[in-house]
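**Student:** Below is the file my_file_32.pdb, with PDB, C-alpha atoms, pLDDT in the B column.
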```
ATOM      1  CA  MET C   1       0.000   0.000   0.000  1.00 53.00           C
ATOM      2  CA  GLY C   2       1.373   3.403  -0.945  1.00 56.00           C
ATOM      3  CA  LEU C   3       1.086   6.582   1.074  1.00 56.00           C
ATOM      4  CA  PHE C   4      -0.213   8.607  -1.831  1.00 63.00           C
ATOM      5  CA  SER C   5      -1.897   6.007  -4.013  1.00 78.00           C
ATOM      6  CA  ASN C   6      -3.475   2.531  -3.853  1.00 91.00           C
ATOM      7  CA  ARG C   7      -3.151   2.091  -7.612  1.00 94.00           C
ATOM      8  CA  ILE C   8      -2.530  -1.497  -8.730  1.00 96.00           C
ATOM      9  CA  LYS C   9      -2.053  -3.444 -11.928  1.00 95.00           C
ATOM     10  CA  ARG C  10      -4.713  -5.824 -13.201  1.00 95.00           C
ATOM     11  CA  GLU C  11      -2.415  -8.830 -12.938  1.00 95.00           C
ATOM     12  CA  SER C  12      -2.169  -8.349  -9.160  1.00 96.00           C
ATOM     13  CA  LEU C  13      -5.943  -8.654  -8.679  1.00 97.00           C
ATOM     14  CA  LYS C  14      -7.306 -11.650  -6.798  1.00 98.00           C
ATOM     15  CA  PRO C  15     -10.887 -12.751  -6.019  1.00 98.00           C
ATOM     16  CA  GLY C  16     -12.157 -11.020  -2.901  1.00 98.00           C
ATOM     17  CA  ASP C  17     -10.345  -7.727  -3.510  1.00 98.00           C
ATOM     18  CA  HIS C  18     -12.219  -4.505  -2.731  1.00 98.00           C
ATOM     19  CA  ILE C  19     -11.440  -2.260  -5.689  1.00 97.00           C
ATOM     20  CA  TYR C  20     -12.417   1.250  -6.705  1.00 95.00           C
ATOM     21  CA  SER C  21     -12.003   3.801  -9.472  1.00 93.00           C
ATOM     22  CA  TRP C  22     -12.300   7.573  -9.255  1.00 89.00           C
ATOM     23  CA  ARG C  23     -15.069   9.372 -11.128  1.00 83.00           C
ATOM     24  CA  ALA C  24     -15.649  12.965 -12.236  1.00 72.00           C
ATOM     25  CA  ALA C  25     -12.112  14.308 -11.841  1.00 72.00           C
ATOM     26  CA  TYR C  26     -11.525  12.580  -8.480  1.00 77.00           C
ATOM     27  CA  VAL C  27     -14.696  14.010  -6.934  1.00 78.00           C
ATOM     28  CA  TYR C  28     -16.095  10.572  -6.083  1.00 82.00           C
ATOM     29  CA  ALA C  29     -15.019   6.936  -6.370  1.00 88.00           C
ATOM     30  CA  HIS C  30     -17.032   3.870  -7.316  1.00 91.00           C
ATOM     31  CA  HIS C  31     -16.345   0.698  -5.285  1.00 94.00           C
ATOM     32  CA  GLY C  32     -16.912  -3.009  -5.876  1.00 96.00           C
ATOM     33  CA  ILE C  33     -15.762  -6.552  -5.118  1.00 98.00           C
ATOM     34  CA  TYR C  34     -13.657  -8.420  -7.662  1.00 98.00           C
ATOM     35  CA  ILE C  35     -14.810 -12.055  -7.816  1.00 98.00           C
ATOM     36  CA  GLY C  36     -12.429 -13.387 -10.460  1.00 97.00           C
ATOM     37  CA  ASP C  37     -12.682 -14.108 -14.199  1.00 95.00           C
ATOM     38  CA  ASP C  38     -12.547 -10.358 -14.931  1.00 94.00           C
ATOM     39  CA  LYS C  39     -15.889  -9.812 -13.118  1.00 96.00           C
ATOM     40  CA  VAL C  40     -16.915  -7.287 -10.447  1.00 96.00           C
ATOM     41  CA  VAL C  41     -19.992  -7.190  -8.201  1.00 95.00           C
ATOM     42  CA  HIS C  42     -20.959  -3.666  -7.212  1.00 94.00           C
ATOM     43  CA  PHE C  43     -23.828  -1.546  -5.906  1.00 93.00           C
ATOM     44  CA  THR C  44     -25.305   1.235  -8.048  1.00 87.00           C
ATOM     45  CA  ARG C  45     -28.201   3.681  -8.107  1.00 78.00           C
ATOM     46  CA  ARG C  46     -30.472   1.272  -9.919  1.00 62.00           C
ATOM     47  CA  GLY C  47     -33.855  -0.106  -8.979  1.00 38.00           C
ATOM     48  CA  GLN C  48     -34.981   0.932  -5.504  1.00 36.00           C
ATOM     49  CA  GLU C  49     -33.027   3.979  -4.472  1.00 35.00           C
ATOM     50  CA  VAL C  50     -33.180   7.209  -2.544  1.00 42.00           C
ATOM     51  CA  GLY C  51     -31.178  10.390  -2.839  1.00 44.00           C
ATOM     52  CA  THR C  52     -29.837  12.768  -0.230  1.00 42.00           C
ATOM     53  CA  GLY C  53     -32.344  15.476  -1.053  1.00 42.00           C
ATOM     54  CA  THR C  54     -29.486  17.940  -1.500  1.00 43.00           C
ATOM     55  CA  VAL C  55     -27.301  19.254  -4.298  1.00 44.00           C
ATOM     56  CA  LEU C  56     -24.911  16.383  -3.501  1.00 49.00           C
ATOM     57  CA  ASP C  57     -27.249  14.104  -5.452  1.00 49.00           C
ATOM     58  CA  VAL C  58     -25.359  15.128  -8.584  1.00 53.00           C
ATOM     59  CA  LEU C  59     -22.390  13.122  -7.267  1.00 53.00           C
ATOM     60  CA  LEU C  60     -24.453   9.960  -7.350  1.00 52.00           C
ATOM     61  CA  VAL C  61     -24.623  10.059 -11.120  1.00 53.00           C
ATOM     62  CA  SER C  62     -20.844   9.789 -11.293  1.00 50.00           C
ATOM     63  CA  SER C  63     -20.833   6.645  -9.139  1.00 52.00           C
ATOM     64  CA  THR C  64     -22.396   4.510 -11.856  1.00 52.00           C
ATOM     65  CA  PRO C  65     -20.414   3.089 -14.754  1.00 54.00           C
ATOM     66  CA  ALA C  66     -20.593   5.119 -17.924  1.00 53.00           C
ATOM     67  CA  LYS C  67     -23.096   3.759 -20.413  1.00 50.00           C
ATOM     68  CA  SER C  68     -21.967   2.877 -23.867  1.00 48.00           C
ATOM     69  CA  HIS C  69     -24.004   2.830 -27.045  1.00 46.00           C
ATOM     70  CA  VAL C  70     -22.295  -0.471 -27.849  1.00 53.00           C
ATOM     71  CA  THR C  71     -23.472  -3.474 -25.834  1.00 58.00           C
ATOM     72  CA  CYS C  72     -20.597  -5.067 -23.937  1.00 75.00           C
ATOM     73  CA  PRO C  73     -20.238  -8.691 -25.109  1.00 72.00           C
ATOM     74  CA  GLU C  74     -18.717  -9.797 -21.780  1.00 69.00           C
ATOM     75  CA  CYS C  75     -21.284  -8.598 -19.253  1.00 71.00           C
ATOM     76  CA  THR C  76     -24.962  -7.827 -18.869  1.00 57.00           C
ATOM     77  CA  MET C  77     -25.714  -4.757 -16.791  1.00 52.00           C
ATOM     78  CA  GLN C  78     -29.228  -5.002 -15.386  1.00 56.00           C
ATOM     79  CA  GLU C  79     -31.266  -1.880 -16.013  1.00 51.00           C
ATOM     80  CA  ASP C  80     -33.606  -2.292 -13.052  1.00 53.00           C
ATOM     81  CA  GLY C  81     -33.980  -4.366  -9.919  1.00 64.00           C
ATOM     82  CA  HIS C  82     -32.248  -4.105  -6.563  1.00 75.00           C
ATOM     83  CA  GLY C  83     -29.105  -2.238  -7.569  1.00 88.00           C
ATOM     84  CA  VAL C  84     -26.416  -4.915  -7.062  1.00 92.00           C
ATOM     85  CA  VAL C  85     -24.972  -5.728 -10.473  1.00 90.00           C
ATOM     86  CA  LEU C  86     -22.321  -7.893 -12.121  1.00 92.00           C
ATOM     87  CA  SER C  87     -20.098  -6.386 -14.786  1.00 91.00           C
ATOM     88  CA  CYS C  88     -16.753  -6.974 -16.431  1.00 93.00           C
ATOM     89  CA  LEU C  89     -13.776  -5.072 -15.058  1.00 94.00           C
ATOM     90  CA  ASN C  90     -13.681  -2.718 -18.051  1.00 92.00           C
ATOM     91  CA  CYS C  91     -17.299  -1.656 -17.577  1.00 90.00           C
ATOM     92  CA  PHE C  92     -16.734  -1.208 -13.837  1.00 92.00           C
ATOM     93  CA  LEU C  93     -13.713   1.026 -14.395  1.00 92.00           C
ATOM     94  CA  ALA C  94     -15.526   3.016 -17.116  1.00 87.00           C
ATOM     95  CA  GLY C  95     -12.193   4.200 -18.474  1.00 89.00           C
ATOM     96  CA  GLY C  96     -10.780   4.999 -15.018  1.00 91.00           C
ATOM     97  CA  ILE C  97      -7.719   3.734 -13.159  1.00 94.00           C
ATOM     98  CA  LEU C  98      -7.805   0.651 -10.928  1.00 97.00           C
ATOM     99  CA  TYR C  99      -7.177   1.022  -7.179  1.00 96.00           C
ATOM    100  CA  ARG C 100      -7.370  -1.474  -4.307  1.00 97.00           C
ATOM    101  CA  PHE C 101      -8.950  -0.517  -0.968  1.00 96.00           C
ATOM    102  CA  GLU C 102      -6.703  -1.482   1.958  1.00 96.00           C
ATOM    103  CA  TYR C 103      -7.738  -3.112   5.248  1.00 97.00           C
ATOM    104  CA  ASP C 104      -6.113  -3.400   8.675  1.00 96.00           C
ATOM    105  CA  VAL C 105      -3.833  -0.405   8.091  1.00 94.00           C
ATOM    106  CA  ASN C 106      -1.948   1.103  11.021  1.00 94.00           C
ATOM    107  CA  PRO C 107      -3.304   4.346  12.542  1.00 91.00           C
ATOM    108  CA  ALA C 108      -0.337   6.452  11.423  1.00 89.00           C
ATOM    109  CA  LEU C 109      -0.784   5.504   7.781  1.00 88.00           C
ATOM    110  CA  PHE C 110      -4.562   5.946   8.036  1.00 88.00           C
ATOM    111  CA  LEU C 111      -4.174   9.491   9.382  1.00 84.00           C
ATOM    112  CA  ALA C 112      -1.561  10.283   6.745  1.00 83.00           C
ATOM    113  CA  LYS C 113      -4.088   9.617   4.011  1.00 79.00           C
ATOM    114  CA  ALA C 114      -5.532  12.948   2.918  1.00 70.00           C
ATOM    115  CA  ARG C 115      -8.636  11.367   1.427  1.00 76.00           C
ATOM    116  CA  GLY C 116     -11.226   9.064   2.953  1.00 77.00           C
ATOM    117  CA  GLY C 117     -12.593   6.034   1.148  1.00 84.00           C
ATOM    118  CA  THR C 118      -9.213   4.446   0.407  1.00 91.00           C
ATOM    119  CA  CYS C 119      -8.441   2.352   3.503  1.00 92.00           C
ATOM    120  CA  THR C 120      -9.702   1.323   6.934  1.00 94.00           C
ATOM    121  CA  LEU C 121      -8.374   0.251  10.307  1.00 94.00           C
ATOM    122  CA  SER C 122     -10.720  -2.750  10.276  1.00 96.00           C
ATOM    123  CA  PRO C 123      -9.374  -6.190   9.319  1.00 97.00           C
ATOM    124  CA  ALA C 124     -10.998  -8.087   6.446  1.00 98.00           C
ATOM    125  CA  ASP C 125     -12.385 -11.614   6.339  1.00 98.00           C
ATOM    126  CA  SER C 126     -11.017 -14.373   4.102  1.00 98.00           C
ATOM    127  CA  ASP C 127     -11.324 -13.886   0.348  1.00 98.00           C
ATOM    128  CA  ASP C 128     -13.597 -16.882  -0.235  1.00 98.00           C
ATOM    129  CA  ILE C 129     -16.121 -15.603   2.327  1.00 98.00           C
ATOM    130  CA  VAL C 130     -15.988 -12.129   0.761  1.00 98.00           C
ATOM    131  CA  VAL C 131     -16.759 -13.565  -2.684  1.00 98.00           C
ATOM    132  CA  HIS C 132     -19.625 -15.605  -1.212  1.00 98.00           C
ATOM    133  CA  ARG C 133     -21.202 -12.478   0.314  1.00 97.00           C
ATOM    134  CA  ALA C 134     -20.858 -10.511  -2.910  1.00 97.00           C
ATOM    135  CA  LYS C 135     -22.498 -13.273  -4.953  1.00 97.00           C
ATOM    136  CA  TYR C 136     -25.268 -13.706  -2.374  1.00 96.00           C
ATOM    137  CA  LEU C 137     -26.059  -9.984  -2.446  1.00 95.00           C
ATOM    138  CA  LEU C 138     -26.001 -10.057  -6.234  1.00 94.00           C
ATOM    139  CA  GLU C 139     -28.989 -12.385  -6.014  1.00 92.00           C
ATOM    140  CA  ASN C 140     -30.718 -10.774  -3.018  1.00 92.00           C
ATOM    141  CA  GLY C 141     -29.869  -7.074  -3.060  1.00 91.00           C
ATOM    142  CA  PHE C 142     -28.403  -4.592  -0.582  1.00 91.00           C
ATOM    143  CA  GLY C 143     -31.350  -2.319   0.146  1.00 87.00           C
ATOM    144  CA  CYS C 144     -31.873   1.217  -1.142  1.00 86.00           C
ATOM    145  CA  TYR C 145     -28.955   3.332  -2.311  1.00 85.00           C
ATOM    146  CA  ASN C 146     -28.167   6.413  -0.226  1.00 83.00           C
ATOM    147  CA  LEU C 147     -25.040   8.537  -0.510  1.00 79.00           C
ATOM    148  CA  PHE C 148     -24.498   8.849   3.247  1.00 79.00           C
ATOM    149  CA  LYS C 149     -26.011   5.654   4.652  1.00 82.00           C
ATOM    150  CA  ASN C 150     -25.873   2.898   2.025  1.00 88.00           C
ATOM    151  CA  ASN C 151     -23.585   3.443  -0.934  1.00 90.00           C
ATOM    152  CA  CYS C 152     -21.180   1.441  -3.096  1.00 92.00           C
ATOM    153  CA  GLU C 153     -18.368   1.710  -0.542  1.00 92.00           C
ATOM    154  CA  ASP C 154     -20.694   0.569   2.264  1.00 92.00           C
ATOM    155  CA  PHE C 155     -21.550  -2.465   0.119  1.00 95.00           C
ATOM    156  CA  ALA C 156     -17.905  -3.384  -0.480  1.00 96.00           C
ATOM    157  CA  ILE C 157     -16.935  -2.832   3.168  1.00 95.00           C
ATOM    158  CA  TYR C 158     -19.803  -5.052   4.310  1.00 96.00           C
ATOM    159  CA  CYS C 159     -18.702  -7.807   1.929  1.00 98.00           C
ATOM    160  CA  LYS C 160     -15.167  -7.596   3.349  1.00 98.00           C
ATOM    161  CA  THR C 161     -16.008  -7.295   7.065  1.00 97.00           C
ATOM    162  CA  GLU C 162     -19.644  -8.392   7.667  1.00 96.00           C
ATOM    163  CA  LEU C 163     -20.051  -5.180   9.699  1.00 93.00           C
ATOM    164  CA  LEU C 164     -23.241  -3.110   9.632  1.00 89.00           C
ATOM    165  CA  VAL C 165     -24.129   0.132  11.400  1.00 86.00           C
ATOM    166  CA  ILE C 166     -26.835  -0.554  13.981  1.00 79.00           C
ATOM    167  CA  ASP C 167     -28.471   2.887  14.077  1.00 72.00           C
ATOM    168  CA  GLN C 168     -30.177   3.576  10.744  1.00 65.00           C
ATOM    169  CA  GLY C 169     -30.270   7.272  11.609  1.00 62.00           C
ATOM    170  CA  THR C 170     -26.478   7.636  11.491  1.00 63.00           C
ATOM    171  CA  MET C 171     -23.988   7.679   8.646  1.00 61.00           C
ATOM    172  CA  GLY C 172     -22.964   4.356   7.127  1.00 66.00           C
ATOM    173  CA  GLN C 173     -19.551   2.682   6.992  1.00 67.00           C
ATOM    174  CA  SER C 174     -18.312   4.754   4.057  1.00 71.00           C
ATOM    175  CA  GLY C 175     -15.075   6.664   4.595  1.00 65.00           C
ATOM    176  CA  GLN C 176     -15.917   8.620   1.481  1.00 67.00           C
ATOM    177  CA  ALA C 177     -19.102   9.980   3.038  1.00 62.00           C
ATOM    178  CA  ALA C 178     -17.155  10.807   6.200  1.00 59.00           C
ATOM    179  CA  SER C 179     -14.789  12.902   4.095  1.00 59.00           C
ATOM    180  CA  ILE C 180     -17.634  14.781   2.416  1.00 56.00           C
ATOM    181  CA  ILE C 181     -19.080  15.689   5.803  1.00 50.00           C
ATOM    182  CA  GLY C 182     -15.777  15.911   7.668  1.00 43.00           C
ATOM    183  CA  GLY C 183     -14.233  18.679   5.571  1.00 42.00           C
ATOM    184  CA  PRO C 184     -16.908  21.335   6.224  1.00 46.00           C
ATOM    185  CA  LEU C 185     -17.341  20.066   9.786  1.00 41.00           C
ATOM    186  CA  ALA C 186     -13.646  20.498  10.482  1.00 36.00           C
ATOM    187  CA  ALA C 187     -13.795  24.069   9.237  1.00 41.00           C
ATOM    188  CA  VAL C 188     -16.703  24.822  11.552  1.00 42.00           C
ATOM    189  CA  LEU C 189     -15.254  23.089  14.614  1.00 41.00           C
ATOM    190  CA  SER C 190     -11.860  24.694  14.190  1.00 40.00           C
ATOM    191  CA  THR C 191     -13.304  28.216  14.032  1.00 47.00           C
ATOM    192  CA  PRO C 192     -13.156  28.812  17.837  1.00 50.00           C
ATOM    193  CA  LEU C 193      -9.552  27.573  17.826  1.00 46.00           C
ATOM    194  CA  ARG C 194      -8.574  30.355  15.434  1.00 47.00           C
ATOM    195  CA  LEU C 195      -8.564  32.667  18.421  1.00 48.00           C
ATOM    196  CA  LEU C 196      -5.317  30.978  19.383  1.00 49.00           C
ATOM    197  CA  THR C 197      -3.554  32.028  16.197  1.00 52.00           C
ATOM    198  CA  THR C 198      -3.953  34.483  13.342  1.00 53.00           C
ATOM    199  CA  ASN C 199      -1.385  32.744  11.182  1.00 52.00           C
ATOM    200  CA  VAL C 200      -3.002  31.316   8.046  1.00 49.00           C
ATOM    201  CA  TYR C 201      -0.800  28.224   8.176  1.00 46.00           C
ATOM    202  CA  GLY C 202      -1.694  27.636  11.793  1.00 51.00           C
ATOM    203  CA  MET C 203      -5.405  27.896  11.014  1.00 46.00           C
ATOM    204  CA  ALA C 204      -5.034  25.478   8.097  1.00 51.00           C
ATOM    205  CA  ALA C 205      -3.134  23.011  10.255  1.00 52.00           C
ATOM    206  CA  THR C 206      -5.840  23.216  12.925  1.00 52.00           C
ATOM    207  CA  ALA C 207      -8.600  22.499  10.402  1.00 52.00           C
ATOM    208  CA  VAL C 208      -6.658  19.564   8.942  1.00 53.00           C
ATOM    209  CA  GLY C 209      -6.082  18.163  12.419  1.00 54.00           C
ATOM    210  CA  VAL C 210      -9.781  18.332  13.290  1.00 61.00           C
ATOM    211  CA  TYR C 211     -10.637  16.696   9.956  1.00 65.00           C
ATOM    212  CA  CYS C 212      -8.190  13.812  10.506  1.00 69.00           C
ATOM    213  CA  VAL C 213      -9.471  13.156  14.019  1.00 70.00           C
ATOM    214  CA  SER C 214     -13.102  13.132  12.856  1.00 73.00           C
ATOM    215  CA  ARG C 215     -12.288  10.759   9.983  1.00 79.00           C
ATOM    216  CA  TYR C 216     -10.406   8.461  12.376  1.00 81.00           C
ATOM    217  CA  ALA C 217     -13.313   8.394  14.852  1.00 79.00           C
ATOM    218  CA  THR C 218     -15.865   7.503  12.165  1.00 82.00           C
ATOM    219  CA  ASP C 219     -13.810   4.726  10.569  1.00 89.00           C
ATOM    220  CA  ILE C 220     -15.546   1.344  10.586  1.00 88.00           C
ATOM    221  CA  GLY C 221     -12.625  -0.102  12.533  1.00 90.00           C
ATOM    222  CA  MET C 222     -13.122   2.373  15.414  1.00 88.00           C
ATOM    223  CA  ARG C 223     -16.889   2.798  15.643  1.00 87.00           C
ATOM    224  CA  LYS C 224     -18.883   1.237  18.475  1.00 87.00           C
ATOM    225  CA  ASP C 225     -22.243   1.335  16.673  1.00 88.00           C
ATOM    226  CA  VAL C 226     -21.484  -1.578  14.330  1.00 90.00           C
ATOM    227  CA  VAL C 227     -22.269  -5.269  14.624  1.00 92.00           C
ATOM    228  CA  LYS C 228     -21.435  -8.433  12.702  1.00 93.00           C
ATOM    229  CA  VAL C 229     -24.467  -9.553  10.689  1.00 93.00           C
ATOM    230  CA  SER C 230     -24.334 -12.637   8.463  1.00 95.00           C
ATOM    231  CA  VAL C 231     -25.290 -12.020   4.860  1.00 95.00           C
ATOM    232  CA  GLU C 232     -28.310 -14.312   5.150  1.00 92.00           C
ATOM    233  CA  ASN C 233     -29.628 -12.469   8.234  1.00 90.00           C
ATOM    234  CA  MET C 234     -28.845  -9.103   6.670  1.00 85.00           C
ATOM    235  CA  THR C 235     -31.002  -9.775   3.613  1.00 75.00           C
ATOM    236  CA  ARG C 236     -33.836 -11.019   5.829  1.00 78.00           C
ATOM    237  CA  ARG C 237     -33.561  -7.772   7.792  1.00 73.00           C
ATOM    238  CA  LEU C 238     -33.791  -5.758   4.590  1.00 71.00           C
ATOM    239  CA  ALA C 239     -36.844  -7.744   3.526  1.00 67.00           C
ATOM    240  CA  GLY C 240     -38.470  -7.012   6.891  1.00 65.00           C
ATOM    241  CA  GLN C 241     -37.759  -3.298   6.518  1.00 64.00           C
ATOM    242  CA  ALA C 242     -39.330  -3.312   3.049  1.00 59.00           C
ATOM    243  CA  VAL C 243     -42.469  -4.996   4.362  1.00 59.00           C
ATOM    244  CA  ALA C 244     -42.645  -2.513   7.251  1.00 59.00           C
ATOM    245  CA  ALA C 245     -42.341   0.391   4.811  1.00 54.00           C
ATOM    246  CA  LEU C 246     -45.421  -0.916   2.972  1.00 57.00           C
ATOM    247  CA  GLY C 247     -47.351  -1.003   6.235  1.00 59.00           C
ATOM    248  CA  ALA C 248     -47.825  -4.759   6.278  1.00 51.00           C
ATOM    249  CA  PRO C 249     -47.259  -6.930   9.365  1.00 52.00           C
ATOM    250  CA  ILE C 250     -43.797  -8.479   9.582  1.00 45.00           C
ATOM    251  CA  GLN C 251     -43.593 -12.224  10.048  1.00 48.00           C
ATOM    252  CA  GLU C 252     -40.627 -13.285  12.123  1.00 44.00           C
ATOM    253  CA  THR C 253     -38.107 -15.370  10.200  1.00 42.00           C
ATOM    254  CA  ARG C 254     -36.760 -18.354  12.050  1.00 40.00           C
TER     255      ARG C 254
END
```
Show how you would write the structure in this file as C-alpha cells.

**Tutor:**
Amino acid sequence: MGLFSNRIKRESLKPGDHIYSWRAAYVYAHHGIYIGDDKVVHFTRRGQEVGTGTVLDVLLVSSTPAKSHVTCPECTMQEDGHGVVLSCLNCFLAGGILYRFEYDVNPALFLAKARGGTCTLSPADSDDIVVHRAKYLLENGFGCYNLFKNNCEDFAIYCKTELLVIDQGTMGQSGQAASIIGGPLAAVLSTPLRLLTTNVYGMAATAVGVYCVSRYATDIGMRKDVVKVSVENMTRRLAGQAVAALGAPIQETR
C-alpha cells in the first residue's frame, strides 16, 4: 500500500479484492468486489433507491459506470432491480484507473491519508467468504442506495467485514461519506480555535487536524455502533424493513 496512491495493476488482482475507481475528476469513487474471471460485483443507483435530497445528489450520477451505445459482449448490466450488479472489469472502471482498498492499516498511515474512502483500520475476512457475500447480495440485493447511509463503498466494506451500522439514523460505513461531511465540519469546529492564532498556516493546520481526528473516529474499525451480521440475516432484515415500509405486518423469520 502506498502513502499517496493505492493504484494497482490488473495482474495483481485476486478474487475477494475490494477495488475502486475515481469518477468525475476525483470528486467521487465507485467501489466493488472483484470475484475473479474479470468480473466485479458492485452496488449502483439502480432499482430501488433514494437520494440525499441535497445538491450532492449530482455526485451519485458519477458513481455509476458510464453507459456505452455499444453493448458489452462480456457482461450484462441489469437496467432495473435491486441495484447490485455484475459487470466486467472494463465496464466497472468506465475508463478509469484501478485502485485497491486497503484493510487493517496502522493508525499512522490511516491518518496520513488525505482522502477518505481508500483504507480502513478494520481487518478483512477471508477472500472466499468475501466472494460468497458478494455473490449472495447479487442475487438478493443490498437495500436502497443512499449517498451517506448505504452506498457502493458501504456495500464493499460489508462484503469484506460483515459489519453493519446498527443505528439507521447515522452515517454508514463509508469513509468517502465521512470525508464529504468531515471537511466542512472540520472548518466549523476549528473556528473557535482560530482565536489561538492568526497565522493562516496555523489555522489550516488546525482544520486539517480536526478533519483527521473526525475521519479516524468515524472509521468502521473504530466505531462502536457496528455489529457483525451474516449475509443471510442481513437480507432477511432488509426484507423485513421493506415490508414494514409498505405497512404490512412483519412475520418473524426463524

**Student:** Once the PyMOL selection byres ((chain C and resi 131) around 8) is applied to the coordinates I shared, what remains selected? I want it as a list in words.

**Tutor:**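 Going through the file, the PyMOL selection byres ((chain C and resi 131) around 8) ends up selecting Pro15, Gly16, Ile33, Tyr34, Ile35, Asp127, Asp128, Ile129, Val130, His132, Arg133, Ala134, Lys135 and Cys159 of chain C.
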
**Student:** Pick out the closest residue to Val105 of chain C from this set: C:Thr235, C:Asp219, C:Lys39, C:Tyr145. Count only C-alpha atoms.

**Tutor:**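 The shortest atom-to-atom distance to Val105 of chain C comes from C:Asp219.
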
**Student:** Please report the interatomic distance between atom CA of Asp225 of chain C and atom CA of Val40 of chain C in Å with one decimal.

**Tutor:** 29.0 Å

**Student:** Could you tell me which of C:Phe155, C:Phe110, C:Tyr136, C:Tyr26 comes closest to Gly221 of chain C if we count all atoms listed in the file?

**Tutor:**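 Nearest candidate to Gly221 of chain C out of C:Phe155, C:Phe110, C:Tyr136, C:Tyr26: C:Phe110.
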
**Student:** Let me make sure I understand: among C:Tyr20, C:Tyr99, C:Tyr28, C:Phe43, which one has the smallest atom-to-atom distance to Ile8 of chain C if we use only C-alpha atoms?

**Tutor:**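 Closest residue, counting only C-alpha atoms: C:Tyr99.
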
**Student:** What does the structure give for the distance between atom CA of Glu162 of chain C and atom CA of Val226 of chain C, in Å to one decimal?

**Tutor:**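 Those two atoms sit 9.7 Å apart.
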
**Student:** At what distance in Å, to one decimal, does atom CA of Val213 of chain C lie from atom CA of Arg115 of chain C?

**Tutor:** 12.7 Å

**Student:** From the options C:Glu139, C:Glu232, C:Asp167, C:Asp17, which residue's atoms come nearest to Gly83 of chain C, counting only C-alpha atoms?

**Tutor:**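 Looking at the shortest contact to Gly83 of chain C, the residue is C:Glu139.
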
**Student:** Taking all atoms listed in the file into account, which of C:Ala217, C:Lys14, C:Cys75, C:Ala25 comes nearest Ser126 of chain C?

**Tutor:**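 Checking each candidate against Ser126 of chain C, we get C:Lys14 as the closest.
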
**Student:** Which polymer residues have any atom within 7 Å of an atom of segment 29-31 of chain C, counting all atoms listed in the file, with same-chain residues fewer than 3 positions away left out, as a PDB file with C-alpha atoms, in the frame of the given file?

**Tutor:**
```pdb
ATOM      1  CA  ILE C  19     -11.440  -2.260  -5.689  1.00 97.00           C
ATOM      2  CA  TYR C  20     -12.417   1.250  -6.705  1.00 95.00           C
ATOM      3  CA  SER C  21     -12.003   3.801  -9.472  1.00 93.00           C
ATOM      4  CA  TRP C  22     -12.300   7.573  -9.255  1.00 89.00           C
ATOM      5  CA  ARG C  23     -15.069   9.372 -11.128  1.00 83.00           C
ATOM      6  CA  TYR C  26     -11.525  12.580  -8.480  1.00 77.00           C
ATOM      7  CA  HIS C  42     -20.959  -3.666  -7.212  1.00 94.00           C
ATOM      8  CA  SER C  63     -20.833   6.645  -9.139  1.00 52.00           C
ATOM      9  CA  CYS C 152     -21.180   1.441  -3.096  1.00 92.00           C
ATOM     10  CA  GLU C 153     -18.368   1.710  -0.542  1.00 92.00           C
ATOM     11  CA  ALA C 156     -17.905  -3.384  -0.480  1.00 96.00           C
TER      12      ALA C 156
END
```

**Student:** So which one's closest to Thr118 of chain C, C:Asn233, C:Ser174, C:Asn146, C:Ser214? Using only C-alpha atoms, please.

**Tutor:**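 Using only C-alpha atoms, Thr118 of chain C sits closest to C:Ser174.
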